[in-house]
file data-v4.csv (CSV, C-alpha atoms)
chain,number,residue,atom,x,y,z
A,10,GLN,CA,0.0,0.0,0.0
A,11,VAL,CA,1.2,3.5,-0.8
A,12,GLN,CA,1.4,6.2,1.8
A,13,LEU,CA,1.5,9.8,0.7
A,14,VAL,CA,2.5,12.7,2.9
A,15,ASP,CA,2.1,16.1,1.5
A,16,SER,CA,3.4,19.3,3.0
A,17,GLY,CA,4.6,22.8,2.2
A,18,GLY,CA,1.5,24.8,2.4
A,19,GLY,CA,1.2,28.2,4.0
A,20,SER,CA,0.0,31.8,3.7
A,21,VAL,CA,1.4,34.1,1.2
A,22,GLN,CA,0.4,37.4,-0.5
A,23,ALA,CA,-0.7,37.5,-4.1
A,24,GLY,CA,2.3,37.1,-6.4
A,25,GLY,CA,4.2,35.0,-4.0
A,26,SER,CA,5.5,31.4,-4.3
A,27,LEU,CA,5.2,28.2,-2.4
A,28,ARG,CA,6.6,24.7,-3.0
A,29,LEU,CA,4.4,21.7,-2.0
A,30,SER,CA,6.0,18.3,-1.4
A,31,CYS,CA,4.6,14.8,-1.7
A,32,LEU,CA,6.6,12.0,-0.1
A,33,ALA,CA,5.6,8.5,-1.3
A,34,SER,CA,6.4,5.3,0.6
A,35,GLY,CA,5.4,1.7,0.4
A,36,TYR,CA,4.3,0.0,-2.8
A,37,THR,CA,4.1,2.2,-5.8
A,38,TYR,CA,2.5,1.5,-9.2
A,39,SER,CA,4.9,0.4,-11.9
A,40,SER,CA,3.0,2.6,-14.4
A,41,LYS,CA,1.7,5.4,-12.3
A,42,CYS,CA,0.4,8.9,-12.4
A,43,MET,CA,1.0,11.3,-9.5
A,44,GLY,CA,-0.5,14.7,-9.1
A,45,TRP,CA,-2.3,17.3,-7.1
A,46,PHE,CA,-5.9,18.1,-6.6
A,47,ARG,CA,-7.2,21.1,-4.7
A,48,GLN,CA,-10.5,21.9,-3.0
A,49,ALA,CA,-11.7,25.4,-2.0
A,50,PRO,CA,-14.6,25.8,0.5
A,51,GLY,CA,-17.9,25.1,-1.1
A,52,LYS,CA,-16.3,23.8,-4.3
A,53,GLU,CA,-15.6,20.4,-5.8
A,54,ARG,CA,-12.1,19.0,-5.9
A,55,GLU,CA,-10.2,20.2,-9.0
A,56,GLY,CA,-7.3,18.4,-10.7
A,57,VAL,CA,-4.4,20.9,-11.0
A,58,ALA,CA,-1.2,19.2,-12.2
A,59,PHE,CA,-0.1,15.7,-13.0
A,60,ILE,CA,3.0,13.8,-14.0
A,61,TYR,CA,3.0,10.4,-15.7
A,62,SER,CA,4.7,8.1,-18.3
A,63,ARG,CA,7.5,7.2,-16.0
A,64,LEU,CA,7.2,10.7,-14.5
A,65,ARG,CA,8.4,12.2,-17.8
A,66,SER,CA,5.2,13.8,-19.1
A,67,THR,CA,3.1,16.5,-17.4
A,68,TYR,CA,-0.4,18.0,-17.6
A,69,TYR,CA,-1.7,21.2,-16.2
A,70,VAL,CA,-5.1,22.7,-16.1
A,71,ASP,CA,-5.4,26.0,-17.9
A,72,SER,CA,-5.8,28.1,-14.8
A,73,VAL,CA,-2.3,27.2,-13.6
A,74,LYS,CA,-0.3,26.8,-16.8
A,75,GLY,CA,2.8,28.9,-16.8
A,76,ARG,CA,2.6,29.4,-13.0
A,77,PHE,CA,2.8,25.9,-11.5
A,78,THR,CA,5.4,23.2,-12.3
A,79,ILE,CA,5.3,19.6,-11.1
A,80,SER,CA,8.5,17.8,-10.9
A,81,PRO,CA,9.9,14.5,-9.4
A,82,ASP,CA,12.9,13.7,-7.3
A,83,ASN,CA,13.2,10.0,-7.8
A,84,ALA,CA,16.0,9.6,-5.3
A,85,LYS,CA,13.8,11.1,-2.6
A,86,ASN,CA,10.5,9.4,-3.7
A,87,THR,CA,9.1,12.9,-3.8
A,88,VAL,CA,7.0,14.9,-6.2
A,89,TYR,CA,7.0,18.7,-5.9
A,90,LEU,CA,4.5,21.3,-7.0
A,91,HIS,CA,6.3,24.7,-7.5
A,92,MET,CA,3.7,27.4,-7.4
A,93,ASN,CA,4.6,30.9,-8.6
A,94,SER,CA,2.6,34.1,-9.2
A,95,LEU,CA,0.0,32.9,-6.7
A,96,LYS,CA,-3.5,34.4,-6.9
A,97,PRO,CA,-6.2,34.6,-4.2
A,98,GLU,CA,-8.2,32.1,-6.3
A,99,ASP,CA,-5.5,29.5,-5.7
A,100,THR,CA,-6.5,29.4,-2.1
A,101,ALA,CA,-7.5,25.8,-1.3
A,102,MET,CA,-6.6,22.6,0.5
A,103,TYR,CA,-4.1,20.8,-1.8
A,104,TYR,CA,-4.0,17.0,-1.9
A,105,CYS,CA,-1.3,14.8,-3.5
A,106,VAL,CA,-2.6,11.7,-5.3
A,107,GLU,CA,-1.1,8.6,-6.9
A,108,GLY,CA,-2.8,6.0,-9.0
A,109,PHE,CA,-2.5,3.7,-12.0
A,110,GLN,CA,-1.7,5.8,-15.2
A,111,PRO,CA,-5.0,6.7,-16.8
A,112,GLY,CA,-5.6,6.3,-20.5
A,113,ASN,CA,-7.1,9.7,-21.1
A,114,ILE,CA,-7.3,13.2,-19.6
A,115,GLY,CA,-10.8,12.8,-18.4
A,116,ASP,CA,-9.8,10.0,-16.1
A,117,MET,CA,-6.7,11.9,-15.0
A,118,LEU,CA,-8.9,14.7,-13.8
A,119,THR,CA,-11.4,12.5,-12.0
A,120,PRO,CA,-10.8,12.3,-8.2
A,121,GLU,CA,-12.3,8.8,-8.1
A,122,TRP,CA,-9.6,7.5,-10.4
A,123,TYR,CA,-7.0,7.8,-7.6
A,124,SER,CA,-6.9,5.3,-4.7
A,125,GLU,CA,-4.1,7.0,-2.8
A,126,TRP,CA,-4.4,10.5,-1.3
A,127,GLY,CA,-2.3,12.6,1.0
A,128,GLN,CA,-3.8,14.2,4.1
A,129,GLY,CA,-3.8,17.7,2.5
A,130,THR,CA,-1.9,20.9,3.0
A,131,GLN,CA,-3.6,24.3,3.1
A,132,VAL,CA,-2.6,27.1,0.8
A,133,THR,CA,-3.9,30.6,1.5
A,134,VAL,CA,-3.2,33.5,-0.8
A,135,SER,CA,-4.2,37.0,0.3
A,136,ALA,CA,-4.9,39.9,-2.0
call {"tool": "encode", "arguments": {"input": "data-v4.csv", "output": "structure tokens"}}
result
Amino acid sequence: QVQLVDSGGGSVQAGGSLRLSCLASGYTYSSKCMGWFRQAPGKEREGVAFIYSRLRSTYYVDSVKGRFTISPDNAKNTVYLHMNSLKPEDTAMYYCVEGFQPGNIGDMLTPEWYSEWGQGTQVTVSA
């Protein structure tokens, strides 16, 4: 079983930066996708950024393209989400996920696709 521990959230002003970390331990999928979802109060969970194909390919939702970067550190079994130019609308609880690599973008963006979730880390961006 995979265990995911995510961390790195905090409070920043608009335009600031944060780096989230997701440490994976235990069994991991041989063909996997890892990524980040976020959930703001009163809203549904939203897929943000993903890395797949032996952690060589990435996908970002339009709202974070050019501002967020997902990257792996295989030696540390860690995936990072570098968040720059943060906006108040980025405020949410962020969750790391891991699952079997999906065959299409639709499944990649579906929370139910992923069986492994971190506990969440809060990101708050003030105007």
call {"tool": "atom_distance", "arguments": {"input": "data-v4.csv", "atom1": "CA of Met92 in chain A", "atom2": "CA of Phe109 in chain A"}}
result
24.9 Å
call {"tool": "residues_near_point", "arguments": {"input": "data-v4.csv", "point": "(9.2, 14.5, -3.2)", "cutoff": "6 Å", "atoms": "all atoms listed in the file", "output": "VMD selection string"}}
result
chain A and resid 30 to 32 82 85 to 89
call {"tool": "closest_residue", "arguments": {"input": "data-v4.csv", "among": "A:Ser34, A:Asn93, A:Gln48, A:Ser135", "to": "Lys74 in chain A", "atoms": "all atoms listed in the file"}}
result
A:Asn93
call {"tool": "residues_around", "arguments": {"input": "data-v4.csv", "residues": "Gln110 in chain A", "least_positions_apart": "3", "cutoff": "12 Å", "atoms": "only C-alpha atoms", "output": "PyMOL selection string"}}
result
chain A and resi 37-44+59-64+66-67+106-107+113-118+122-124
call {"tool": "residues_around", "arguments": {"input": "data-v4.csv", "residues": "Gly18 in chain A", "least_positions_apart": "5", "cutoff": "6 Å", "atoms": "all atoms listed in the file", "output": "ChimeraX atom specification"}}
result
/A:130-132
call {"tool": "closest_residue", "arguments": {"input": "data-v4.csv", "among": "A:Val21, A:Pro50, A:Ala58, A:Trp126", "to": "Ala33 in chain A", "atoms": "only C-alpha atoms"}}
result
A:Trp126
call {"tool": "atom_distance", "arguments": {"input": "data-v4.csv", "atom1": "CA of Ala136 in chain A", "atom2": "CA of Asp99 in chain A"}}
result
11.1 Å
call {"tool": "residues_around", "arguments": {"input": "data-v4.csv", "residues": "Arg76 in chain A", "least_positions_apart": "2", "cutoff": "10 Å", "atoms": "all atoms listed in the file", "output": "PyMOL selection string"}}
result
chain A and resi 26+69+71-74+78+91-96
call {"tool": "closest_residue", "arguments": {"input": "data-v4.csv", "among": "A:Leu29, A:Ala23, A:Ala49, A:Val134", "to": "Phe77 in chain A", "atoms": "only C-alpha atoms"}}
result
A:Leu29
call {"tool": "atom_distance", "arguments": {"input": "data-v4.csv", "atom1": "CA of Thr100 in chain A", "atom2": "CA of Gln128 in chain A"}}
result
16.6 Å
call {"tool": "closest_residue", "arguments": {"input": "data-v4.csv", "among": "A:Gln10, A:Cys105, A:Glu121, A:Leu90", "to": "Arg28 in chain A", "atoms": "all atoms listed in the file"}}
result
A:Leu90
call {"tool": "closest_residue", "arguments": {"input": "data-v4.csv", "among": "A:Ala84, A:Leu27, A:Met102, A:Leu13", "to": "Lys52 in chain A", "atoms": "all atoms listed in the file"}}
result
A:Met102
call {"tool": "closest_residue", "arguments": {"input": "data-v4.csv", "among": "A:Gly112, A:Ala101, A:Val11, A:Gly35", "to": "Glu53 in chain A", "atoms": "only C-alpha atoms"}}
result
A:Ala101
call {"tool": "decode", "arguments": {"input": "data-v4.csv", "residues": "range 26-133 of chain A", "atoms": "C-alpha atoms", "output": "PDB file, in the first residue's frame"}}
result
ATOM      1  CA  SER A  26       5.471  31.448  -4.276  1.00  0.00           C
ATOM      2  CA  LEU A  27       5.212  28.156  -2.444  1.00  0.00           C
ATOM      3  CA  ARG A  28       6.565  24.661  -2.995  1.00  0.00           C
ATOM      4  CA  LEU A  29       4.441  21.697  -2.031  1.00  0.00           C
ATOM      5  CA  SER A  30       6.044  18.291  -1.435  1.00  0.00           C
ATOM      6  CA  CYS A  31       4.561  14.802  -1.693  1.00  0.00           C
ATOM      7  CA  LEU A  32       6.604  12.017  -0.140  1.00  0.00           C
ATOM      8  CA  ALA A  33       5.577   8.539  -1.297  1.00  0.00           C
ATOM      9  CA  SER A  34       6.393   5.335   0.565  1.00  0.00           C
ATOM     10  CA  GLY A  35       5.383   1.708   0.415  1.00  0.00           C
ATOM     11  CA  TYR A  36       4.346  -0.039  -2.774  1.00  0.00           C
ATOM     12  CA  THR A  37       4.081   2.217  -5.805  1.00  0.00           C
ATOM     13  CA  TYR A  38       2.519   1.468  -9.157  1.00  0.00           C
ATOM     14  CA  SER A  39       4.927   0.431 -11.896  1.00  0.00           C
ATOM     15  CA  SER A  40       2.972   2.555 -14.369  1.00  0.00           C
ATOM     16  CA  LYS A  41       1.705   5.438 -12.329  1.00  0.00           C
ATOM     17  CA  CYS A  42       0.388   8.922 -12.379  1.00  0.00           C
ATOM     18  CA  MET A  43       0.994  11.341  -9.542  1.00  0.00           C
ATOM     19  CA  GLY A  44      -0.491  14.749  -9.144  1.00  0.00           C
ATOM     20  CA  TRP A  45      -2.296  17.346  -7.121  1.00  0.00           C
ATOM     21  CA  PHE A  46      -5.945  18.150  -6.570  1.00  0.00           C
ATOM     22  CA  ARG A  47      -7.250  21.148  -4.709  1.00  0.00           C
ATOM     23  CA  GLN A  48     -10.507  21.946  -2.988  1.00  0.00           C
ATOM     24  CA  ALA A  49     -11.707  25.364  -1.963  1.00  0.00           C
ATOM     25  CA  PRO A  50     -14.562  25.791   0.547  1.00  0.00           C
ATOM     26  CA  GLY A  51     -17.892  25.094  -1.076  1.00  0.00           C
ATOM     27  CA  LYS A  52     -16.325  23.848  -4.293  1.00  0.00           C
ATOM     28  CA  GLU A  53     -15.608  20.448  -5.808  1.00  0.00           C
ATOM     29  CA  ARG A  54     -12.148  18.961  -5.946  1.00  0.00           C
ATOM     30  CA  GLU A  55     -10.229  20.164  -8.981  1.00  0.00           C
ATOM     31  CA  GLY A  56      -7.298  18.444 -10.655  1.00  0.00           C
ATOM     32  CA  VAL A  57      -4.396  20.880 -10.959  1.00  0.00           C
ATOM     33  CA  ALA A  58      -1.201  19.225 -12.200  1.00  0.00           C
ATOM     34  CA  PHE A  59      -0.100  15.687 -13.021  1.00  0.00           C
ATOM     35  CA  ILE A  60       3.025  13.771 -13.959  1.00  0.00           C
ATOM     36  CA  TYR A  61       2.951  10.363 -15.690  1.00  0.00           C
ATOM     37  CA  SER A  62       4.659   8.127 -18.287  1.00  0.00           C
ATOM     38  CA  ARG A  63       7.520   7.156 -15.988  1.00  0.00           C
ATOM     39  CA  LEU A  64       7.205  10.660 -14.531  1.00  0.00           C
ATOM     40  CA  ARG A  65       8.371  12.221 -17.797  1.00  0.00           C
ATOM     41  CA  SER A  66       5.158  13.809 -19.052  1.00  0.00           C
ATOM     42  CA  THR A  67       3.098  16.499 -17.393  1.00  0.00           C
ATOM     43  CA  TYR A  68      -0.368  17.966 -17.633  1.00  0.00           C
ATOM     44  CA  TYR A  69      -1.692  21.223 -16.191  1.00  0.00           C
ATOM     45  CA  VAL A  70      -5.139  22.710 -16.089  1.00  0.00           C
ATOM     46  CA  ASP A  71      -5.397  26.013 -17.918  1.00  0.00           C
ATOM     47  CA  SER A  72      -5.771  28.096 -14.759  1.00  0.00           C
ATOM     48  CA  VAL A  73      -2.255  27.191 -13.554  1.00  0.00           C
ATOM     49  CA  LYS A  74      -0.339  26.828 -16.816  1.00  0.00           C
ATOM     50  CA  GLY A  75       2.798  28.942 -16.812  1.00  0.00           C
ATOM     51  CA  ARG A  76       2.621  29.431 -13.049  1.00  0.00           C
ATOM     52  CA  PHE A  77       2.802  25.918 -11.549  1.00  0.00           C
ATOM     53  CA  THR A  78       5.396  23.232 -12.255  1.00  0.00           C
ATOM     54  CA  ILE A  79       5.260  19.610 -11.128  1.00  0.00           C
ATOM     55  CA  SER A  80       8.547  17.759 -10.893  1.00  0.00           C
ATOM     56  CA  PRO A  81       9.878  14.509  -9.398  1.00  0.00           C
ATOM     57  CA  ASP A  82      12.894  13.748  -7.283  1.00  0.00           C
ATOM     58  CA  ASN A  83      13.181  10.003  -7.787  1.00  0.00           C
ATOM     59  CA  ALA A  84      16.020   9.642  -5.295  1.00  0.00           C
ATOM     60  CA  LYS A  85      13.775  11.063  -2.575  1.00  0.00           C
ATOM     61  CA  ASN A  86      10.520   9.415  -3.742  1.00  0.00           C
ATOM     62  CA  THR A  87       9.083  12.905  -3.753  1.00  0.00           C
ATOM     63  CA  VAL A  88       7.030  14.934  -6.197  1.00  0.00           C
ATOM     64  CA  TYR A  89       7.008  18.711  -5.916  1.00  0.00           C
ATOM     65  CA  LEU A  90       4.509  21.337  -6.992  1.00  0.00           C
ATOM     66  CA  HIS A  91       6.256  24.653  -7.498  1.00  0.00           C
ATOM     67  CA  MET A  92       3.666  27.421  -7.393  1.00  0.00           C
ATOM     68  CA  ASN A  93       4.598  30.906  -8.595  1.00  0.00           C
ATOM     69  CA  SER A  94       2.598  34.091  -9.171  1.00  0.00           C
ATOM     70  CA  LEU A  95      -0.014  32.864  -6.726  1.00  0.00           C
ATOM     71  CA  LYS A  96      -3.482  34.385  -6.871  1.00  0.00           C
ATOM     72  CA  PRO A  97      -6.236  34.569  -4.238  1.00  0.00           C
ATOM     73  CA  GLU A  98      -8.239  32.092  -6.323  1.00  0.00           C
ATOM     74  CA  ASP A  99      -5.473  29.517  -5.724  1.00  0.00           C
ATOM     75  CA  THR A 100      -6.531  29.391  -2.070  1.00  0.00           C
ATOM     76  CA  ALA A 101      -7.532  25.809  -1.270  1.00  0.00           C
ATOM     77  CA  MET A 102      -6.570  22.590   0.462  1.00  0.00           C
ATOM     78  CA  TYR A 103      -4.126  20.793  -1.824  1.00  0.00           C
ATOM     79  CA  TYR A 104      -3.969  16.998  -1.935  1.00  0.00           C
ATOM     80  CA  CYS A 105      -1.296  14.788  -3.459  1.00  0.00           C
ATOM     81  CA  VAL A 106      -2.564  11.704  -5.311  1.00  0.00           C
ATOM     82  CA  GLU A 107      -1.140   8.574  -6.876  1.00  0.00           C
ATOM     83  CA  GLY A 108      -2.819   5.992  -9.039  1.00  0.00           C
ATOM     84  CA  PHE A 109      -2.457   3.749 -12.040  1.00  0.00           C
ATOM     85  CA  GLN A 110      -1.708   5.780 -15.156  1.00  0.00           C
ATOM     86  CA  PRO A 111      -5.019   6.700 -16.803  1.00  0.00           C
ATOM     87  CA  GLY A 112      -5.619   6.298 -20.506  1.00  0.00           C
ATOM     88  CA  ASN A 113      -7.147   9.706 -21.067  1.00  0.00           C
ATOM     89  CA  ILE A 114      -7.273  13.207 -19.641  1.00  0.00           C
ATOM     90  CA  GLY A 115     -10.818  12.759 -18.408  1.00  0.00           C
ATOM     91  CA  ASP A 116      -9.841   9.959 -16.068  1.00  0.00           C
ATOM     92  CA  MET A 117      -6.722  11.857 -15.020  1.00  0.00           C
ATOM     93  CA  LEU A 118      -8.893  14.743 -13.799  1.00  0.00           C
ATOM     94  CA  THR A 119     -11.388  12.487 -11.995  1.00  0.00           C
ATOM     95  CA  PRO A 120     -10.796  12.275  -8.221  1.00  0.00           C
ATOM     96  CA  GLU A 121     -12.337   8.799  -8.061  1.00  0.00           C
ATOM     97  CA  TRP A 122      -9.590   7.462 -10.354  1.00  0.00           C
ATOM     98  CA  TYR A 123      -7.033   7.751  -7.551  1.00  0.00           C
ATOM     99  CA  SER A 124      -6.871   5.284  -4.700  1.00  0.00           C
ATOM    100  CA  GLU A 125      -4.091   6.989  -2.793  1.00  0.00           C
ATOM    101  CA  TRP A 126      -4.392  10.458  -1.273  1.00  0.00           C
ATOM    102  CA  GLY A 127      -2.270  12.575   1.004  1.00  0.00           C
ATOM    103  CA  GLN A 128      -3.767  14.229   4.054  1.00  0.00           C
ATOM    104  CA  GLY A 129      -3.809  17.662   2.458  1.00  0.00           C
ATOM    105  CA  THR A 130      -1.921  20.897   2.974  1.00  0.00           C
ATOM    106  CA  GLN A 131      -3.564  24.332   3.115  1.00  0.00           C
ATOM    107  CA  VAL A 132      -2.571  27.121   0.755  1.00  0.00           C
ATOM    108  CA  THR A 133      -3.922  30.599   1.485  1.00  0.00           C
TER     109      THR A 133
END
